[in-house]
>>> print(open('data33.tsv').read())   # TSV, C-alpha atoms
chain	number	residue	atom	x	y	z
A	1	MET	CA	104.38	105.01	45.64
A	2	ARG	CA	105.79	108.16	47.25
A	3	GLY	CA	102.26	109.37	47.93
A	4	ILE	CA	101.36	106.07	49.59
A	5	LEU	CA	104.45	106.20	51.80
A	6	LEU	CA	103.65	109.77	52.80
A	7	LEU	CA	100.07	108.81	53.61
A	8	CYS	CA	101.26	105.88	55.75
A	9	CYS	CA	103.73	108.10	57.55
A	10	CYS	CA	101.03	110.68	58.30
A	11	MET	CA	98.70	107.95	59.55
A	12	PHE	CA	101.44	106.65	61.89
A	13	VAL	CA	102.11	110.10	63.31
A	14	SER	CA	98.40	110.72	63.73
A	15	SER	CA	97.98	107.39	65.54
A	16	ALA	CA	100.92	108.12	67.84
A	17	GLN	CA	99.58	111.56	68.66
A	18	ALA	CA	96.14	110.11	69.38
A	19	ALA	CA	97.42	108.16	72.40
A	20	VAL	CA	96.48	109.99	75.59
A	21	PRO	CA	99.37	110.14	78.10
A	22	LEU	CA	98.54	108.88	81.58
A	23	ARG	CA	101.11	110.33	83.98
A	24	PHE	CA	101.15	107.90	86.89
A	25	CYS	CA	103.03	109.02	89.99
A	26	PHE	CA	104.47	106.72	92.64
A	27	GLU	CA	106.80	107.15	95.59
A	28	ASP	CA	110.57	107.46	95.10
A	29	LYS	CA	111.19	105.33	98.20
A	30	GLU	CA	111.10	101.55	98.10
A	31	LEU	CA	108.04	99.88	99.58
A	32	ALA	CA	108.15	96.18	98.77
A	33	PRO	CA	106.39	94.50	97.09
A	34	TYR	CA	104.59	97.55	95.67
A	35	TYR	CA	107.65	99.24	94.14
A	36	TYR	CA	111.41	98.92	94.34
A	37	GLY	CA	114.37	101.28	94.25
A	38	ASN	CA	115.17	104.42	96.21
A	39	SER	CA	115.44	107.14	93.57
A	40	ALA	CA	113.53	108.99	90.88
A	41	GLU	CA	114.59	106.30	88.41
A	42	VAL	CA	111.93	103.90	87.16
A	43	ARG	CA	113.36	100.38	87.15
A	44	GLN	CA	112.99	98.46	83.91
A	45	GLN	CA	113.26	95.07	85.61
A	46	ASN	CA	111.15	94.18	88.65
A	47	PRO	CA	109.81	97.71	89.25
A	48	GLY	CA	107.30	96.40	91.78
A	49	ALA	CA	103.94	94.65	91.82
A	50	THR	CA	101.88	97.85	91.75
A	51	ILE	CA	103.78	99.17	88.75
A	52	GLU	CA	103.40	95.93	86.79
A	53	HIS	CA	99.70	95.85	87.67
A	54	VAL	CA	99.23	99.42	86.39
A	55	GLN	CA	101.20	98.56	83.23
A	56	GLN	CA	98.94	95.56	82.66
A	57	LEU	CA	95.76	97.60	83.06
A	58	VAL	CA	96.90	100.43	80.78
A	59	ALA	CA	98.15	98.01	78.11
A	60	ALA	CA	94.55	96.80	77.76
A	61	VAL	CA	93.44	100.34	76.79
A	62	PRO	CA	95.27	101.15	73.51
A	63	ALA	CA	94.14	104.77	73.59
A	64	LEU	CA	96.37	105.37	76.64
A	65	GLU	CA	100.14	105.68	76.91
A	66	LEU	CA	101.57	105.16	80.40
A	67	LYS	CA	104.21	107.58	81.66
A	68	LEU	CA	105.72	106.68	85.04
A	69	ILE	CA	106.91	109.42	87.41
A	70	ARG	CA	108.65	108.95	90.78
A	71	LEU	CA	108.40	111.67	93.42
A	72	PRO	CA	108.16	111.89	97.21
A	73	TRP	CA	104.67	110.70	98.12
A	74	LYS	CA	103.48	114.10	99.34
A	75	ARG	CA	104.57	115.63	96.03
A	76	CYS	CA	102.67	112.93	94.13
A	77	LEU	CA	99.51	113.94	95.99
A	78	ALA	CA	100.18	117.66	95.57
A	79	SER	CA	100.80	117.16	91.84
A	80	LEU	CA	97.57	115.18	91.56
A	81	ALA	CA	95.72	118.10	93.14
A	82	THR	CA	97.17	120.57	90.63
A	83	GLY	CA	96.74	118.23	87.66
A	84	ASP	CA	100.48	117.99	86.99
A	85	VAL	CA	100.14	114.21	87.26
A	86	ASP	CA	97.06	112.24	86.27
A	87	ALA	CA	96.84	109.26	88.61
A	88	VAL	CA	98.14	107.54	91.73
A	89	VAL	CA	97.17	104.45	93.68
A	90	GLY	CA	96.11	105.17	97.25
A	91	SER	CA	93.48	104.62	99.88
A	92	TYR	CA	90.31	106.66	100.17
A	93	SER	CA	90.04	109.62	102.51
A	94	THR	CA	87.67	112.57	102.63
A	95	GLU	CA	90.67	114.90	102.32
A	96	ARG	CA	91.83	113.26	99.10
A	97	ALA	CA	88.30	113.19	97.73
A	98	GLU	CA	88.32	116.99	97.78
A	99	PHE	CA	90.92	117.18	95.01
A	100	ALA	CA	90.84	113.76	93.32
A	101	VAL	CA	88.33	111.39	91.72
A	102	PHE	CA	87.51	107.90	93.06
A	103	PRO	CA	85.17	105.27	91.57
A	104	TYR	CA	81.90	105.65	93.45
A	105	ARG	CA	78.76	103.58	93.94
A	106	ASP	CA	75.83	104.89	95.98
A	107	GLY	CA	77.95	107.81	97.16
A	108	GLN	CA	80.75	105.62	98.54
A	109	PRO	CA	84.00	104.28	97.03
A	110	ASP	CA	83.11	101.20	94.99
A	111	PRO	CA	84.90	98.16	96.47
A	112	THR	CA	84.33	96.12	93.30
A	113	ARG	CA	86.46	98.61	91.34
A	114	ALA	CA	89.24	98.86	93.91
A	115	PHE	CA	92.81	98.38	92.70
A	116	ASN	CA	93.60	95.94	95.51
A	117	LEU	CA	92.64	94.78	99.01
A	118	HIS	CA	95.50	94.50	101.47
A	119	HIS	CA	95.87	93.99	105.20
A	120	THR	CA	98.20	96.00	107.41
A	121	CYS	CA	99.77	94.77	110.65
A	122	LEU	CA	101.71	96.37	113.45
A	123	VAL	CA	105.38	95.39	113.63
A	124	SER	CA	107.28	95.44	116.94
A	125	ARG	CA	110.61	94.34	118.37
A	126	GLN	CA	110.83	90.74	119.51
A	127	ASP	CA	111.41	91.95	123.10
A	128	ALA	CA	108.52	94.43	123.15
A	129	PRO	CA	107.01	94.60	126.69
A	130	TRP	CA	103.49	95.15	125.31
A	131	GLN	CA	101.08	92.82	123.50
A	132	TRP	CA	98.58	93.20	120.68
A	133	THR	CA	95.40	91.19	121.22
A	134	GLY	CA	93.52	92.12	118.06
A	135	GLU	CA	91.08	94.09	120.19
A	136	GLY	CA	93.52	96.42	121.88
A	137	PHE	CA	96.88	96.55	123.64
A	138	SER	CA	98.10	95.26	126.95
A	139	GLY	CA	101.11	96.50	128.85
A	140	ILE	CA	101.04	99.98	127.32
A	141	ASP	CA	98.66	102.95	127.35
A	142	GLN	CA	99.88	104.83	124.30
A	143	LEU	CA	101.59	103.40	121.24
A	144	VAL	CA	104.12	105.51	119.31
A	145	VAL	CA	103.92	104.39	115.68
A	146	ALA	CA	106.20	105.61	112.89
A	147	ARG	CA	104.90	106.08	109.36
A	148	PRO	CA	106.34	107.88	106.31
A	149	LEU	CA	105.22	111.44	105.59
A	150	GLY	CA	102.02	111.56	103.54
A	151	TYR	CA	100.63	108.32	104.96
A	152	ALA	CA	97.27	108.51	106.64
A	153	PRO	CA	97.29	108.70	110.46
A	154	LEU	CA	96.09	105.66	112.39
A	155	LYS	CA	92.75	106.01	114.10
A	156	SER	CA	92.26	103.90	117.19
A	157	LYS	CA	88.96	102.21	117.94
A	158	PHE	CA	90.43	101.01	121.24
A	159	PRO	CA	90.78	102.75	124.63
A	160	GLN	CA	94.51	103.16	124.00
A	161	LYS	CA	95.73	105.82	121.62
A	162	PHE	CA	98.22	106.02	118.76
A	163	THR	CA	100.82	108.76	118.67
A	164	MET	CA	102.14	109.26	115.17
A	165	HIS	CA	105.81	109.85	114.43
A	166	TYR	CA	106.32	110.77	110.77
A	167	THR	CA	109.57	110.03	108.98
A	168	SER	CA	111.05	110.52	105.52
A	169	SER	CA	111.04	106.85	104.53
A	170	SER	CA	110.02	103.31	105.47
A	171	ASP	CA	113.72	102.49	105.98
A	172	MET	CA	113.91	105.18	108.66
A	173	ASP	CA	110.87	103.62	110.33
A	174	LEU	CA	112.70	100.31	110.51
A	175	ASP	CA	115.84	101.94	111.93
A	176	LEU	CA	113.89	103.72	114.67
A	177	LEU	CA	112.05	100.56	115.66
A	178	GLU	CA	115.18	98.43	115.64
A	179	LYS	CA	116.85	100.95	117.98
A	180	GLY	CA	113.81	101.01	120.29
A	181	ARG	CA	113.02	104.69	119.78
A	182	ILE	CA	109.41	103.97	118.84
A	183	ASN	CA	106.99	101.18	119.74
A	184	ALA	CA	105.86	100.02	116.33
A	185	ILE	CA	105.62	100.54	112.60
A	186	THR	CA	103.03	99.31	110.12
A	187	ARG	CA	103.60	96.99	107.19
A	188	LEU	CA	101.69	95.04	104.58
A	189	CYS	CA	101.15	91.62	106.13
A	190	GLN	CA	98.48	89.92	104.02
A	191	ILE	CA	97.18	90.08	100.44
A	192	GLY	CA	93.88	88.28	100.22
A	193	ASP	CA	94.51	84.99	102.06
A	194	LEU	CA	98.26	85.13	101.46
A	195	LYS	CA	100.33	86.16	104.48
A	196	VAL	CA	103.39	88.28	103.81
A	197	SER	CA	106.61	88.17	105.82
A	198	PRO	CA	109.26	90.53	104.34
A	199	ALA	CA	112.81	89.31	104.94
A	200	GLN	CA	113.87	92.70	106.31
A	201	ILE	CA	111.51	92.24	109.26
A	202	SER	CA	113.06	88.99	110.54
A	203	LEU	CA	116.61	90.05	109.64
A	204	ARG	CA	116.28	93.04	111.97
A	205	GLY	CA	114.90	90.97	114.84
A	206	LEU	CA	111.37	92.32	114.45
A	207	LYS	CA	108.02	90.54	114.34
A	208	ILE	CA	104.69	91.01	112.61
A	209	LEU	CA	101.71	91.10	114.96
A	210	TYR	CA	98.57	89.24	113.87
A	211	PRO	CA	95.67	89.64	113.45
A	212	PRO	CA	95.95	92.62	111.08
A	213	LEU	CA	95.33	96.07	112.51
A	214	TYR	CA	93.15	97.00	109.55
A	215	ASP	CA	92.50	96.22	105.92
A	216	SER	CA	92.36	98.80	103.20
A	217	ARG	CA	91.47	99.08	99.57
A	218	GLY	CA	93.77	100.89	97.24
A	219	TYR	CA	92.12	102.77	94.40
A	220	LEU	CA	93.38	104.06	91.09
A	221	ILE	CA	92.74	107.74	91.75
A	222	PHE	CA	92.55	110.33	88.97
A	223	SER	CA	93.12	114.06	89.03
A	224	GLN	CA	89.99	116.11	88.49
A	225	LYS	CA	91.58	117.57	85.36
A	226	PHE	CA	92.27	114.18	83.77
A	227	TYR	CA	88.86	112.77	84.68
A	228	LYS	CA	87.07	115.80	83.23
A	229	GLN	CA	88.98	115.53	79.94
A	230	HIS	CA	89.08	111.73	79.63
A	231	GLN	CA	86.21	110.33	81.66
A	232	LYS	CA	85.55	107.37	79.35
A	233	LEU	CA	89.18	106.21	79.52
A	234	ALA	CA	89.21	106.52	83.31
A	235	GLU	CA	86.01	104.49	83.55
A	236	LEU	CA	87.51	101.81	81.27
A	237	LEU	CA	90.48	101.40	83.62
A	238	TRP	CA	88.22	101.20	86.66
A	239	GLN	CA	86.00	98.65	84.95
A	240	GLN	CA	88.97	96.35	84.29
A	241	GLN	CA	89.73	96.20	87.98
A	242	ILE	CA	86.54	94.29	88.71
A	243	GLN	CA	88.28	91.19	87.30
A	244	ASN	CA	91.96	92.16	87.35
A	245	LYS	CA	93.33	92.62	90.88
A	246	GLY	CA	96.87	91.67	89.87
A	247	THR	CA	96.84	88.71	92.26
A	248	GLU	CA	99.34	86.65	90.27
A	249	ILE	CA	101.71	89.60	89.99
A	250	TYR	CA	101.73	90.11	93.76
A	251	ARG	CA	102.08	86.37	94.37
A	252	ARG	CA	105.12	86.21	92.08
A	253	TYR	CA	106.85	89.09	93.87
A	254	LEU	CA	106.13	87.65	97.28
A	255	GLU	CA	107.48	84.22	96.32
A	256	GLU	CA	110.78	85.58	94.96
>>> encode(input="data33.tsv", output="structure tokens")
Amino acid sequence: MRGILLLCCCMFVSSAQAAVPLRFCFEDKELAPYYYGNSAEVRQQNPGATIEHVQQLVAAVPALELKLIRLPWKRCLASLATGDVDAVVGSYSTERAEFAVFPYRDGQPDPTRAFNLHHTCLVSRQDAPWQWTGEGFSGIDQLVVARPLGYAPLKSKFPQKFTMHYTSSSDMDLDLLEKGRINAITRLCQIGDLKVSPAQISLRGLKILYPPLYDSRGYLIFSQKFYKQHQKLAELLWQQQIQNKGTEIYRRYLEE
């Protein structure tokens, strides 16, 4: 009997050790509905739609064990480049493709294996003297837009230009806009066909400007180190995303 117990114990330890840790990094500043809380602490209840979506995907791959890490966004990206974390969710850029691995098809990021598809709108004060037409601006030649450090700059396809003002958090963006020190900020405004109107926007006397400025696909991005060592596991997670976009998770957060 003692031998059987010892064998079972060894099998349990071996099984536990066999799980590959996936160190997923996300920002330590709140960005609803993606993640909540302003600290390095990972919330156990209502951590955010992105976190629950990642948890759901990883739970379907028993060989992986999810480890959540919160850092400033720029440190998440820097740690991904060095291999100190294994994955993040973010949009594609040629700069990020130099140090991270995206799911590709025909040499381009594969939209069918994207983590999500979201639309981003400009947000202005209610009394803004300029207008957004969907094809450009009227009443202003240059728009000063605040975005948190590490976020991609906006590229204008219109005659008018964007001037970027980078801040330490999305809350600071809101404060600057509310005080009239910048012209606009950007916020998630639509997930699929579902329009989003965060309470903090209306409570501060701000307004979301439709139609969306742009849409973007978020990807589950792996470090080169993790992908090289665990390519099959990475591909399994990407493959799941063809069917699982976490729509119900996002809908639940947005309806709360």
>>> closest_residue(input="data33.tsv", among="A:Val42, A:Leu254, A:Leu206, A:Ile140", to="Leu122 (chain A)", atoms="only C-alpha atoms")
A:Leu206
>>> residues_around(input="data33.tsv", residues="Val144 (chain A)", least_positions_apart="2", cutoff="7 Å", atoms="only C-alpha atoms", output="list in words")
Gln142, Ala146, Phe162, Thr163, Met164, His165, Ile182, Asn183 and Ala184 of chain A
>>> closest_residue(input="data33.tsv", among="A:Lys155, A:Glu30, A:Arg75, A:Gly90", to="Arg43 (chain A)", atoms="all atoms listed in the file")
A:Glu30
>>> residues_around(input="data33.tsv", residues="Pro109 (chain A)", least_positions_apart="6", cutoff="10 Å", atoms="only C-alpha atoms", output="list in words")
Ser91, Tyr92, Ser93, Ala97, Val101, Phe102, Pro103, Arg217 and Tyr219 of chain A
>>> closest_residue(input="data33.tsv", among="A:Leu154, A:Gly134, A:Ala40, A:Pro148", to="Ser169 (chain A)", atoms="only C-alpha atoms")
A:Pro148
>>> residues_around(input="data33.tsv", residues="Glu52 (chain A)", least_positions_apart="2", cutoff="12 Å", atoms="all atoms listed in the file", output="compact mmCIF listing (two decimals) with C-alpha atoms, in the frame of the given file")
# COMPACT_ATOMS: atom_id res chain seq x y z
CA PRO A 33 106.39 94.50 97.09
CA TYR A 34 104.59 97.55 95.67
CA TYR A 35 107.65 99.24 94.14
CA TYR A 36 111.41 98.92 94.34
CA VAL A 42 111.93 103.90 87.16
CA ARG A 43 113.36 100.38 87.15
CA GLN A 44 112.99 98.46 83.91
CA GLN A 45 113.26 95.07 85.61
CA ASN A 46 111.15 94.18 88.65
CA PRO A 47 109.81 97.71 89.25
CA GLY A 48 107.30 96.40 91.78
CA ALA A 49 103.94 94.65 91.82
CA THR A 50 101.88 97.85 91.75
CA VAL A 54 99.23 99.42 86.39
CA GLN A 55 101.20 98.56 83.23
CA GLN A 56 98.94 95.56 82.66
CA LEU A 57 95.76 97.60 83.06
CA VAL A 58 96.90 100.43 80.78
CA ALA A 59 98.15 98.01 78.11
CA LEU A 66 101.57 105.16 80.40
CA LEU A 68 105.72 106.68 85.04
CA LYS A 245 93.33 92.62 90.88
CA GLY A 246 96.87 91.67 89.87
CA THR A 247 96.84 88.71 92.26
CA GLU A 248 99.34 86.65 90.27
CA ILE A 249 101.71 89.60 89.99
CA TYR A 250 101.73 90.11 93.76
CA ARG A 252 105.12 86.21 92.08
CA TYR A 253 106.85 89.09 93.87
>>> closest_residue(input="data33.tsv", among="A:Ser202, A:Thr120, A:Gln240, A:Ser170", to="Trp73 (chain A)", atoms="all atoms listed in the file")
A:Ser170
>>> residues_around(input="data33.tsv", residues="Val196 (chain A)", least_positions_apart="3", cutoff="10 Å", atoms="only C-alpha atoms", output="PyMOL selection string")
chain A and resi 33+119-120+187-191+193+199+208+251+254-255
>>> closest_residue(input="data33.tsv", among="A:Arg204, A:Leu80, A:Phe115, A:Phe99", to="Asp171 (chain A)", atoms="all atoms listed in the file")
A:Arg204
>>> atom_distance(input="data33.tsv", atom1="CA of Arg70 (chain A)", atom2="CA of Leu22 (chain A)")
13.7 Å
>>> closest_residue(input="data33.tsv", among="A:His230, A:Cys25, A:Pro72, A:Phe222", to="Thr167 (chain A)", atoms="all atoms listed in the file")
A:Pro72
>>> residues_around(input="data33.tsv", residues="region 110-114 of chain A", least_positions_apart="4", cutoff="6 Å", atoms="all atoms listed in the file", output="list in words")
Pro103, Tyr104, Arg105, Gly218, Tyr219, Trp238, Gln241 and Ile242 of chain A
>>> write_last_selection(input="data33.tsv", atoms="C-alpha atoms", output="mmCIF file, in the coordinates of the input")
data_model
loop_
_atom_site.group_PDB
_atom_site.id
_atom_site.type_symbol
_atom_site.label_atom_id
_atom_site.label_comp_id
_atom_site.auth_asym_id
_atom_site.auth_seq_id
_atom_site.Cartn_x
_atom_site.Cartn_y
_atom_site.Cartn_z
ATOM 1 C CA PRO A 103 85.170 105.270 91.570
ATOM 2 C CA TYR A 104 81.900 105.650 93.450
ATOM 3 C CA ARG A 105 78.760 103.580 93.940
ATOM 4 C CA GLY A 218 93.770 100.890 97.240
ATOM 5 C CA TYR A 219 92.120 102.770 94.400
ATOM 6 C CA TRP A 238 88.220 101.200 86.660
ATOM 7 C CA GLN A 241 89.730 96.200 87.980
ATOM 8 C CA ILE A 242 86.540 94.290 88.710
#
>>> atom_distance(input="data33.tsv", atom1="CA of Lys225 (chain A)", atom2="CA of Glu27 (chain A)")
21.1 Å
>>> atom_distance(input="data33.tsv", atom1="CA of Phe226 (chain A)", atom2="CA of Asp86 (chain A)")
5.7 Å
